[in-house]
$ cat structure.cif   # mmCIF, C-alpha atoms and all ligand atoms
data_model
loop_
_atom_site.label_atom_id
_atom_site.label_comp_id
_atom_site.auth_asym_id
_atom_site.auth_seq_id
_atom_site.Cartn_x
_atom_site.Cartn_y
_atom_site.Cartn_z
CA MET A 1 0.00 0.00 0.00
CA ARG A 2 1.26 3.48 -0.88
CA PRO A 3 1.94 5.77 2.09
CA THR A 4 -0.15 8.94 2.41
CA ILE A 5 2.30 11.80 2.60
CA PRO A 6 2.23 15.50 1.81
CA ASP A 7 0.84 16.75 -1.45
CA SER A 8 3.91 18.45 -2.87
CA PRO A 9 7.62 18.44 -2.20
CA ALA A 10 7.45 22.10 -1.23
CA ALA A 11 4.80 21.16 1.35
CA ALA A 12 6.74 18.19 2.56
CA GLY A 13 8.21 20.20 5.41
CA PRO A 14 11.11 19.44 7.66
CA ASP A 15 10.16 15.78 8.11
CA ALA A 16 10.37 15.02 4.39
CA ASP A 17 13.76 13.42 4.88
CA ALA A 18 12.25 11.04 7.42
CA VAL A 19 9.90 9.39 4.90
CA PRO A 20 11.10 5.82 4.53
CA HIS A 21 12.46 5.04 1.06
CA ARG A 22 14.16 2.08 -0.47
CA ARG A 23 16.85 4.48 -1.72
CA SER A 24 18.00 7.05 0.84
CA ILE A 25 17.25 10.22 -1.16
CA ARG A 26 14.55 10.49 -3.81
CA SER A 27 13.52 13.46 -5.92
CA PHE A 28 9.84 13.01 -5.01
CA VAL A 29 7.55 12.12 -2.14
CA ALA A 30 5.00 9.45 -3.01
CA ARG A 31 1.70 11.33 -3.06
CA ALA A 32 -1.39 9.21 -2.62
CA GLY A 33 -3.27 11.59 -4.95
CA ARG A 34 -6.97 11.34 -5.69
CA MET A 35 -7.86 9.60 -8.93
CA THR A 36 -10.89 10.50 -10.97
CA VAL A 37 -13.26 7.78 -12.11
CA ALA A 38 -11.91 8.22 -15.64
CA GLN A 39 -8.31 7.87 -14.45
CA GLU A 40 -9.25 4.69 -12.54
CA ARG A 41 -10.69 3.35 -15.79
CA ALA A 42 -7.53 4.34 -17.65
CA TRP A 43 -5.46 2.33 -15.19
CA ARG A 44 -7.74 -0.70 -15.59
CA GLU A 45 -8.25 -0.59 -19.34
CA LEU A 46 -5.41 1.41 -20.88
CA TRP A 47 -2.38 0.42 -18.79
CA PRO A 48 -2.02 -2.88 -20.72
CA ARG A 49 -1.79 -0.81 -23.92
CA TYR A 50 0.44 2.07 -22.81
CA GLY A 51 2.17 0.85 -19.64
CA LEU A 52 5.63 -0.62 -19.35
CA PRO A 53 6.14 -3.39 -16.80
CA GLU A 54 8.03 -2.65 -13.56
CA THR A 55 10.73 -5.27 -13.85
CA ASP A 56 14.47 -5.27 -13.54
CA ASP A 57 14.92 -6.69 -17.04
CA THR A 58 16.23 -4.53 -19.87
CA LEU A 59 13.34 -3.41 -22.03
CA ASP A 60 13.14 -4.28 -25.70
CA LEU A 61 11.92 -0.88 -26.88
CA ASP A 62 11.31 -2.01 -30.47
CA ALA A 63 9.02 -4.71 -29.10
CA ALA A 64 7.33 -2.30 -26.67
CA PHE A 65 6.50 0.16 -29.47
CA GLY A 66 6.05 -2.45 -32.19
CA ARG A 67 8.55 -0.72 -34.48
CA ALA A 68 11.96 0.92 -34.69
CA ALA A 69 11.85 4.74 -34.58
CA ALA A 70 13.58 7.79 -33.14
CA ARG A 71 12.85 7.87 -29.38
CA THR A 72 12.37 10.68 -26.91
CA LEU A 73 12.06 10.16 -23.16
CA GLU A 74 10.38 12.69 -20.86
CA ILE A 75 11.20 12.35 -17.18
CA GLY A 76 8.53 13.53 -14.71
CA PHE A 77 5.87 14.36 -17.30
CA GLY A 78 3.27 15.51 -14.75
CA ASN A 79 -0.08 15.19 -16.49
CA GLY A 80 1.59 14.49 -19.84
CA GLU A 81 0.71 17.71 -21.62
CA SER A 82 4.11 18.07 -23.32
CA LEU A 83 4.50 14.41 -24.14
CA VAL A 84 1.05 14.15 -25.71
CA ALA A 85 1.61 17.31 -27.78
CA LEU A 86 4.95 15.97 -29.02
CA ALA A 87 3.56 12.51 -29.82
CA LYS A 88 0.69 14.08 -31.76
CA ALA A 89 3.02 16.41 -33.69
CA HIS A 90 5.55 13.66 -34.53
CA PRO A 91 3.69 10.44 -35.40
CA ASP A 92 6.83 8.90 -36.91
CA ASP A 93 8.75 9.15 -33.61
CA ASP A 94 8.21 7.25 -30.38
CA PHE A 95 7.71 8.90 -26.96
CA LEU A 96 8.44 7.30 -23.64
CA GLY A 97 7.33 8.94 -20.40
CA ILE A 98 8.23 8.30 -16.79
CA GLU A 99 6.11 9.65 -13.94
CA VAL A 100 5.53 8.47 -10.38
CA HIS A 101 2.22 10.28 -9.84
CA ARG A 102 -0.48 7.75 -10.74
CA PRO A 103 -3.29 10.26 -11.47
CA GLY A 104 -0.93 12.02 -13.90
CA VAL A 105 -0.23 8.72 -15.65
CA GLY A 106 -3.98 8.08 -15.83
CA HIS A 107 -4.50 11.55 -17.30
CA LEU A 108 -1.87 10.96 -19.97
CA MET A 109 -3.36 7.58 -20.95
CA LEU A 110 -6.80 9.16 -21.34
CA ARG A 111 -5.40 11.86 -23.64
CA ALA A 112 -3.44 9.29 -25.65
CA GLU A 113 -6.60 7.21 -26.07
CA ALA A 114 -8.72 10.23 -27.08
CA LEU A 115 -6.15 11.23 -29.71
CA GLU A 116 -5.60 7.62 -30.80
CA LEU A 117 -1.86 7.91 -30.25
CA GLY A 118 0.04 4.72 -30.83
CA ASN A 119 3.52 6.18 -30.24
CA ILE A 120 3.44 6.67 -26.46
CA ARG A 121 4.51 4.29 -23.68
CA VAL A 122 4.73 5.07 -19.97
CA ALA A 123 6.49 3.81 -16.89
CA CYS A 124 5.12 4.61 -13.43
CA ARG A 125 8.27 4.28 -11.39
CA ASP A 126 11.22 6.30 -10.09
CA ALA A 127 13.03 7.50 -13.21
CA VAL A 128 16.38 6.59 -11.66
CA GLU A 129 15.25 2.95 -11.45
CA VAL A 130 13.83 2.92 -14.98
CA LEU A 131 17.04 4.43 -16.37
CA SER A 132 19.43 2.25 -14.43
CA ARG A 133 17.53 -1.05 -14.59
CA GLN A 134 15.27 -1.03 -17.62
CA LEU A 135 16.56 1.19 -20.41
CA PRO A 136 19.32 -0.05 -22.71
CA ASP A 137 22.43 2.12 -23.05
CA ALA A 138 22.55 4.37 -26.14
CA SER A 139 18.85 3.82 -26.89
CA LEU A 140 17.43 7.37 -26.81
CA ASP A 141 17.59 10.28 -29.26
CA ALA A 142 16.48 12.83 -26.67
CA VAL A 143 15.80 13.08 -22.96
CA LEU A 144 13.56 15.89 -21.70
CA LEU A 145 13.47 17.15 -18.13
CA TYR A 146 10.99 19.99 -18.00
CA PHE A 147 10.29 21.83 -14.75
CA PRO A 148 11.54 19.16 -12.34
CA ASP A 149 10.52 19.63 -8.70
CA PRO A 150 12.63 22.59 -7.56
CA TRP A 151 12.93 21.63 -3.87
CA PRO A 152 13.46 25.31 -3.05
CA LYS A 153 14.65 24.96 0.56
CA LYS A 154 18.42 24.69 0.78
CA ARG A 155 18.28 21.66 3.06
CA HIS A 156 16.22 19.87 0.36
CA HIS A 157 18.56 20.66 -2.53
CA LYS A 158 19.99 17.15 -2.22
CA ARG A 159 16.59 15.90 -3.39
CA ARG A 160 16.82 17.70 -6.71
CA ILE A 161 16.99 15.12 -9.47
CA VAL A 162 19.79 16.89 -11.33
CA GLN A 163 22.88 15.50 -9.58
CA PRO A 164 26.15 14.27 -11.16
CA ALA A 165 25.24 10.55 -10.99
CA PHE A 166 21.79 11.15 -12.50
CA VAL A 167 23.24 13.22 -15.36
CA ALA A 168 25.85 10.52 -16.11
CA LEU A 169 23.03 7.96 -16.17
CA VAL A 170 20.99 10.07 -18.60
CA ALA A 171 24.07 10.57 -20.80
CA SER A 172 24.73 6.83 -20.93
CA LYS A 173 21.22 6.22 -22.30
CA LEU A 174 21.58 8.77 -25.13
CA LYS A 175 22.72 7.71 -28.57
CA PRO A 176 25.70 9.61 -29.99
CA GLY A 177 24.23 12.89 -31.23
CA GLY A 178 21.36 12.63 -28.72
CA ARG A 179 20.16 15.67 -26.79
CA PHE A 180 19.42 16.32 -23.12
CA ARG A 181 17.03 19.27 -22.80
CA LEU A 182 16.09 20.85 -19.49
CA ALA A 183 13.91 23.74 -18.40
CA THR A 184 13.15 25.32 -15.05
CA ASP A 185 11.60 28.49 -13.69
CA TRP A 186 13.82 28.51 -10.59
CA GLN A 187 16.98 30.54 -11.21
CA ASN A 188 18.93 28.80 -8.49
CA TYR A 189 18.05 25.38 -9.98
CA ALA A 190 18.94 26.63 -13.48
CA GLU A 191 22.40 27.57 -12.17
CA GLN A 192 22.76 24.13 -10.58
CA MET A 193 21.71 22.47 -13.87
CA LEU A 194 24.21 24.52 -15.84
CA ALA A 195 27.03 23.61 -13.45
CA VAL A 196 26.19 19.93 -12.95
CA VAL A 197 25.28 19.02 -16.54
CA GLY A 198 28.12 21.21 -17.78
CA ASP A 199 30.53 19.12 -15.69
CA CYS A 200 29.44 15.83 -17.27
CA ALA A 201 32.29 14.64 -19.49
CA MET A 202 29.86 12.76 -21.77
CA LEU A 203 27.86 15.88 -22.74
CA GLU A 204 28.60 19.22 -24.34
CA ASN A 205 26.57 22.41 -24.05
CA GLU A 206 25.08 23.34 -27.42
CA PHE A 207 25.14 27.00 -26.44
CA ASP A 208 28.73 27.58 -25.36
CA LEU A 209 28.58 27.66 -21.61
CA GLY A 210 25.19 29.27 -21.27
CA TYR A 211 21.43 28.87 -21.48
CA ALA A 212 19.57 27.93 -24.64
CA PRO A 213 16.82 29.92 -26.32
CA ARG A 214 13.35 28.48 -25.73
CA PRO A 215 13.18 25.62 -28.26
CA ASP A 216 10.20 25.55 -30.63
CA SER A 217 10.04 21.83 -29.86
CA ARG A 218 9.04 22.46 -26.22
CA PRO A 219 5.24 22.71 -26.05
CA LEU A 220 3.85 25.59 -24.01
CA THR A 221 2.04 23.90 -21.12
CA ARG A 222 -0.61 25.35 -18.82
CA PHE A 223 2.02 25.32 -16.08
CA GLU A 224 4.36 27.52 -18.11
CA SER A 225 1.67 29.87 -19.41
CA ARG A 226 0.46 30.43 -15.85
CA GLY A 227 4.07 31.20 -14.89
CA GLN A 228 4.33 33.62 -17.81
CA ARG A 229 1.23 35.46 -16.59
CA LEU A 230 2.84 35.72 -13.15
CA GLY A 231 6.04 37.06 -14.73
CA HIS A 232 8.18 33.95 -14.02
CA GLU A 233 11.33 33.66 -16.07
CA VAL A 234 12.21 30.31 -17.63
CA TRP A 235 15.70 28.97 -18.28
CA ASP A 236 16.24 26.37 -21.02
CA LEU A 237 19.35 24.25 -21.40
CA CYS A 238 20.38 21.95 -24.22
CA PHE A 239 23.27 19.48 -24.10
CA ARG A 240 24.43 17.05 -26.78
CA LYS A 241 26.25 13.75 -26.57
CA PRO A 242 29.06 13.96 -29.17
C1 LIG B 301 6.98 20.09 -11.01
S1 LIG B 301 6.33 18.67 -11.80
C2 LIG B 301 6.49 19.10 -13.52
C3 LIG B 301 5.64 18.25 -14.41
C4 LIG B 301 5.79 18.52 -15.91
N1 LIG B 301 7.12 18.21 -16.38
C5 LIG B 301 5.41 19.94 -16.26
O1 LIG B 301 6.26 20.66 -16.78
O2 LIG B 301 4.26 20.32 -16.02
C6 LIG B 301 7.61 17.45 -11.59
C7 LIG B 301 7.10 16.02 -11.79
O3 LIG B 301 8.19 15.12 -11.73
C8 LIG B 301 7.74 13.93 -11.09
N2 LIG B 301 8.94 13.28 -10.55
C9 LIG B 301 9.79 13.77 -9.62
N3 LIG B 301 10.79 12.93 -9.41
C10 LIG B 301 10.57 11.86 -10.21
C11 LIG B 301 11.28 10.64 -10.43
N4 LIG B 301 12.42 10.37 -9.76
N5 LIG B 301 10.78 9.76 -11.30
C12 LIG B 301 9.62 10.04 -11.98
N6 LIG B 301 8.91 11.17 -11.82
C13 LIG B 301 9.39 12.07 -10.95
C14 LIG B 301 6.75 14.42 -10.05
O4 LIG B 301 5.84 13.40 -9.68
C15 LIG B 301 6.08 15.58 -10.77
O5 LIG B 301 4.91 15.17 -11.44
#

$ encode --input "structure.cif" --output "structure tokens"
Amino acid sequence: MRPTIPDSPAAAGPDADAVPHRRSIRSFVARAGRMTVAQERAWRELWPRYGLPETDDTLDLDAAFGRAAARTLEIGFGNGESLVALAKAHPDDDFLGIEVHRPGVGHLMLRAEALELGNIRVACRDAVEVLSRQLPDASLDAVLLYFPDPWPKKRHHKRRIVQPAFVALVASKLKPGGRFRLATDWQNYAEQMLAVVGDCAMLENEFDLGYAPRPDSRPLTRFESRGQRLGHEVWDLCFRKP
């Protein structure tokens, strides 16, 4: 049974570090989250179509998608707005999403069904586990990390997903020429991303040592447009595996 714990990392409070985890530090707290009736149905009826099994075996992605194609992974897709927009816009490419929040996964499956998308697959598991245990090396053309949980309090910065070991793991899953794109609306996290990803020997910054312009390929989500209305700045980064 999933533990009931605070609704958002920012709300997790000082005891967040005391939540028992299999790994000592995770980038998320497992939210119980309320599922709508439609999302419950998605989990019952659509998971067999879109879901990837939680095993420790290396996935055969060609078998999972039923074809060979260029592949993009989005880590922490939330409700799947970006991933669905990308999958709809690029029917010849495949899109893999990882998200631990079950209602968000349900939401994405409902949108994929409504749009009759056949090029999306999802894993509902810690992205670090999916990357390290399930994804083959050099299997991805792009990895997207858009607006990861910022963990704004300094004592929680260790929970931020962008850490040297995570970046090395992402880099190992990219094909040569593959891209790692990131975006955040927290300046302090943007600076951390620039430093940590910039230090990864397997990746090079496509924009000298700085931030990237907003890529046309990144769909404008409701989250970002709300931020724009509130005057939030957004920092994009784009790294390439030579
Ligand atoms: C701030 S939200 C952003 C969601 C989405 N990318 C967007 O731009 O709207 C961050 C998401 O990452 C997910 N997440 C955090 N750590 C994760 C991990 N280790 N594995 C999978 N998902 C994770 C959270 O559940 C949350 O939905």

$ residues_around --input "structure.cif" --residues "stretch 96-103 of chain A" --least-positions-apart "2" --cutoff "10 Å" --atoms "all atoms listed in the file" --output "ChimeraX atom specification"
/A:28-36,38-40,42-43,50-52,61,65,71-80,83-84,87,94,105-109,119-128,130-131,140,143-144

$ axis_aligned_box --input "structure.cif" --around "ligand LIG 301 (chain B)" --padding-each-side "6 Å" --output "AutoDock Vina command-line options"
--center_x 8.3 --center_y 15.2 --center_z -13.1 --size_x 20.2 --size_y 22.9 --size_z 19.4

$ closest_residue --input "structure.cif" --among "A:Asp185, A:Glu45, A:Asp208, A:Asp93" --to "ligand LIG 301 (chain B)" --atoms "all atoms listed in the file"
A:Asp185

$ closest_residue --input "structure.cif" --among "A:Trp47, A:Phe207, A:Tyr146, A:Phe95" --to "ligand LIG 301 (chain B)" --atoms "only C-alpha atoms and all ligand atoms"
A:Tyr146

$ residues_around --input "structure.cif" --residues "A:Leu59" --least-positions-apart "3" --cutoff "7 Å" --atoms "only C-alpha atoms" --output "ChimeraX atom specification"
/A:134-136

$ closest_residue --input "structure.cif" --among "A:Ile161, A:Ala68, A:Leu182, A:Ala85" --to "ligand LIG 301 (chain B)" --atoms "all atoms listed in the file"
A:Ile161

$ closest_residue --input "structure.cif" --among "A:Ala89, A:Ala201, A:Leu194, A:Cys238" --to "A:Arg214" --atoms "only C-alpha atoms"
A:Cys238

$ closest_residue --input "structure.cif" --among "A:Pro176, A:Pro242, A:Pro91, A:Gly104" --to "ligand LIG 301 (chain B)" --atoms "all atoms listed in the file"
A:Gly104

$ closest_residue --input "structure.cif" --among "A:Asp236, A:Asp57, A:Glu224, A:Asp199" --to "ligand LIG 301 (chain B)" --atoms "all atoms listed in the file"
A:Glu224

$ atom_distance --input "structure.cif" --atom1 "atom CA of A:Thr55" --atom2 "atom C9 of ligand LIG 301 (chain B)"
19.5 Å

$ atom_distance --input "structure.cif" --atom1 "atom CA of A:Pro148" --atom2 "atom C9 of ligand LIG 301 (chain B)"
6.3 Å

$ residues_around --input "structure.cif" --residues "A:Gly177" --least-positions-apart "5" --cutoff "8 Å" --atoms "all atoms listed in the file" --output "list in words"
Asp141, Arg240, Lys241 and Pro242 of chain A

$ write_last_selection --input "structure.cif" --atoms "C-alpha atoms" --output "PDB file, in the frame of the given file"
ATOM      1  CA  ASP A 141      17.590  10.280 -29.260  1.00  0.00           C
ATOM      2  CA  ARG A 240      24.430  17.050 -26.780  1.00  0.00           C
ATOM      3  CA  LYS A 241      26.250  13.750 -26.570  1.00  0.00           C
ATOM      4  CA  PRO A 242      29.060  13.960 -29.170  1.00  0.00           C
TER       5      PRO A 242
END

$ atom_distance --input "structure.cif" --atom1 "atom CA of A:Arg133" --atom2 "atom CA of A:Val170"
12.3 Å

$ residues_near_point --input "structure.cif" --point "(9.0, 24.2, -25.6)" --cutoff "12 Å" --atoms "only C-alpha atoms" --output "PyMOL selection string"
chain A and resi 81-83+85-86+144-147+181-184+212-225+234-238

$ residues_near_point --input "structure.cif" --point "(19.9, 28.3, -8.5)" --cutoff "12 Å" --atoms "only C-alpha atoms" --output "count of residues only"
22

$ residues_around --input "structure.cif" --residues "stretch 165-168 of chain A" --least-positions-apart "4" --cutoff "7 Å" --atoms "only C-alpha atoms" --output "number ranges by chain"
A: 161, 172, 197, 200

$ build_atoms --input "structure.cif" --residues "stretch 231-242 of chain A" --atoms "all heavy atoms" --output "short mmCIF file (atom, residue, chain, number, x, y, z; two decimals), keeping the file's coordinate frame"
data_model
loop_
_atom_site.label_atom_id
_atom_site.label_comp_id
_atom_site.auth_asym_id
_atom_site.auth_seq_id
_atom_site.Cartn_x
_atom_site.Cartn_y
_atom_site.Cartn_z
N GLY A 231 4.76 36.40 -14.50
CA GLY A 231 6.04 37.06 -14.73
C GLY A 231 7.24 36.17 -14.42
O GLY A 231 8.36 36.69 -14.26
N HIS A 232 7.04 34.84 -14.31
CA HIS A 232 8.18 33.95 -14.02
C HIS A 232 9.09 33.85 -15.24
O HIS A 232 8.62 33.69 -16.36
CB HIS A 232 7.71 32.53 -13.67
CG HIS A 232 6.95 32.48 -12.38
ND1 HIS A 232 6.43 31.29 -11.89
CD2 HIS A 232 6.62 33.42 -11.50
CE1 HIS A 232 5.81 31.55 -10.75
NE2 HIS A 232 5.92 32.83 -10.49
N GLU A 233 10.38 33.88 -14.99
CA GLU A 233 11.33 33.66 -16.07
C GLU A 233 11.57 32.16 -16.21
O GLU A 233 11.42 31.40 -15.24
CB GLU A 233 12.65 34.36 -15.70
CG GLU A 233 13.50 34.71 -16.90
CD GLU A 233 14.70 35.57 -16.50
OE1 GLU A 233 14.58 36.34 -15.52
OE2 GLU A 233 15.73 35.43 -17.15
N VAL A 234 11.91 31.73 -17.41
CA VAL A 234 12.21 30.31 -17.63
C VAL A 234 13.60 30.19 -18.24
O VAL A 234 13.96 30.97 -19.13
CB VAL A 234 11.15 29.66 -18.56
CG1 VAL A 234 11.59 28.25 -18.98
CG2 VAL A 234 9.79 29.60 -17.87
N TRP A 235 14.36 29.23 -17.74
CA TRP A 235 15.70 28.97 -18.28
C TRP A 235 15.69 27.62 -18.98
O TRP A 235 15.28 26.62 -18.39
CB TRP A 235 16.74 28.97 -17.15
CG TRP A 235 16.94 30.33 -16.56
CD1 TRP A 235 17.90 31.24 -16.91
CD2 TRP A 235 16.18 30.95 -15.51
NE1 TRP A 235 17.77 32.39 -16.15
CE2 TRP A 235 16.73 32.23 -15.29
CE3 TRP A 235 15.08 30.55 -14.73
CZ2 TRP A 235 16.22 33.12 -14.33
CZ3 TRP A 235 14.57 31.43 -13.78
CH2 TRP A 235 15.13 32.69 -13.59
N ASP A 236 16.11 27.61 -20.24
CA ASP A 236 16.24 26.37 -21.02
C ASP A 236 17.72 26.02 -21.15
O ASP A 236 18.57 26.91 -21.23
CB ASP A 236 15.67 26.57 -22.43
CG ASP A 236 14.17 26.36 -22.46
OD1 ASP A 236 13.72 25.20 -22.54
OD2 ASP A 236 13.44 27.37 -22.38
N LEU A 237 17.99 24.72 -21.19
CA LEU A 237 19.35 24.25 -21.40
C LEU A 237 19.31 23.12 -22.42
O LEU A 237 18.33 22.35 -22.46
CB LEU A 237 19.97 23.71 -20.11
CG LEU A 237 20.11 24.67 -18.91
CD1 LEU A 237 18.88 24.62 -18.02
CD2 LEU A 237 21.33 24.30 -18.08
N CYS A 238 20.34 23.02 -23.24
CA CYS A 238 20.38 21.95 -24.22
C CYS A 238 21.81 21.42 -24.34
O CYS A 238 22.72 22.17 -24.70
CB CYS A 238 19.87 22.43 -25.58
SG CYS A 238 19.85 21.09 -26.78
N PHE A 239 21.96 20.14 -24.03
CA PHE A 239 23.27 19.48 -24.10
C PHE A 239 23.21 18.36 -25.13
O PHE A 239 22.15 17.77 -25.36
CB PHE A 239 23.66 18.92 -22.73
CG PHE A 239 23.98 19.99 -21.73
CD1 PHE A 239 22.95 20.69 -21.08
CD2 PHE A 239 25.29 20.34 -21.47
CE1 PHE A 239 23.25 21.70 -20.18
CE2 PHE A 239 25.58 21.37 -20.57
CZ PHE A 239 24.57 22.05 -19.93
N ARG A 240 24.36 18.07 -25.73
CA ARG A 240 24.43 17.05 -26.78
C ARG A 240 25.51 16.04 -26.43
O ARG A 240 26.55 16.41 -25.89
CB ARG A 240 24.76 17.75 -28.10
CG ARG A 240 24.81 16.86 -29.30
CD ARG A 240 25.05 17.69 -30.55
NE ARG A 240 25.19 16.83 -31.70
CZ ARG A 240 26.32 16.25 -32.06
NH1 ARG A 240 27.41 16.45 -31.36
NH2 ARG A 240 26.36 15.47 -33.12
N LYS A 241 25.22 14.79 -26.76
CA LYS A 241 26.25 13.75 -26.57
C LYS A 241 27.03 13.65 -27.88
O LYS A 241 26.44 13.31 -28.91
CB LYS A 241 25.59 12.42 -26.24
CG LYS A 241 26.58 11.30 -25.95
CD LYS A 241 25.82 10.10 -25.43
CE LYS A 241 26.69 8.90 -25.20
NZ LYS A 241 25.96 7.78 -24.61
N PRO A 242 28.31 13.95 -27.89
CA PRO A 242 29.06 13.96 -29.17
C PRO A 242 29.12 12.56 -29.78
O PRO A 242 29.03 11.56 -29.08
CB PRO A 242 30.45 14.42 -28.77
CG PRO A 242 30.34 14.99 -27.39
CD PRO A 242 29.15 14.35 -26.75
#
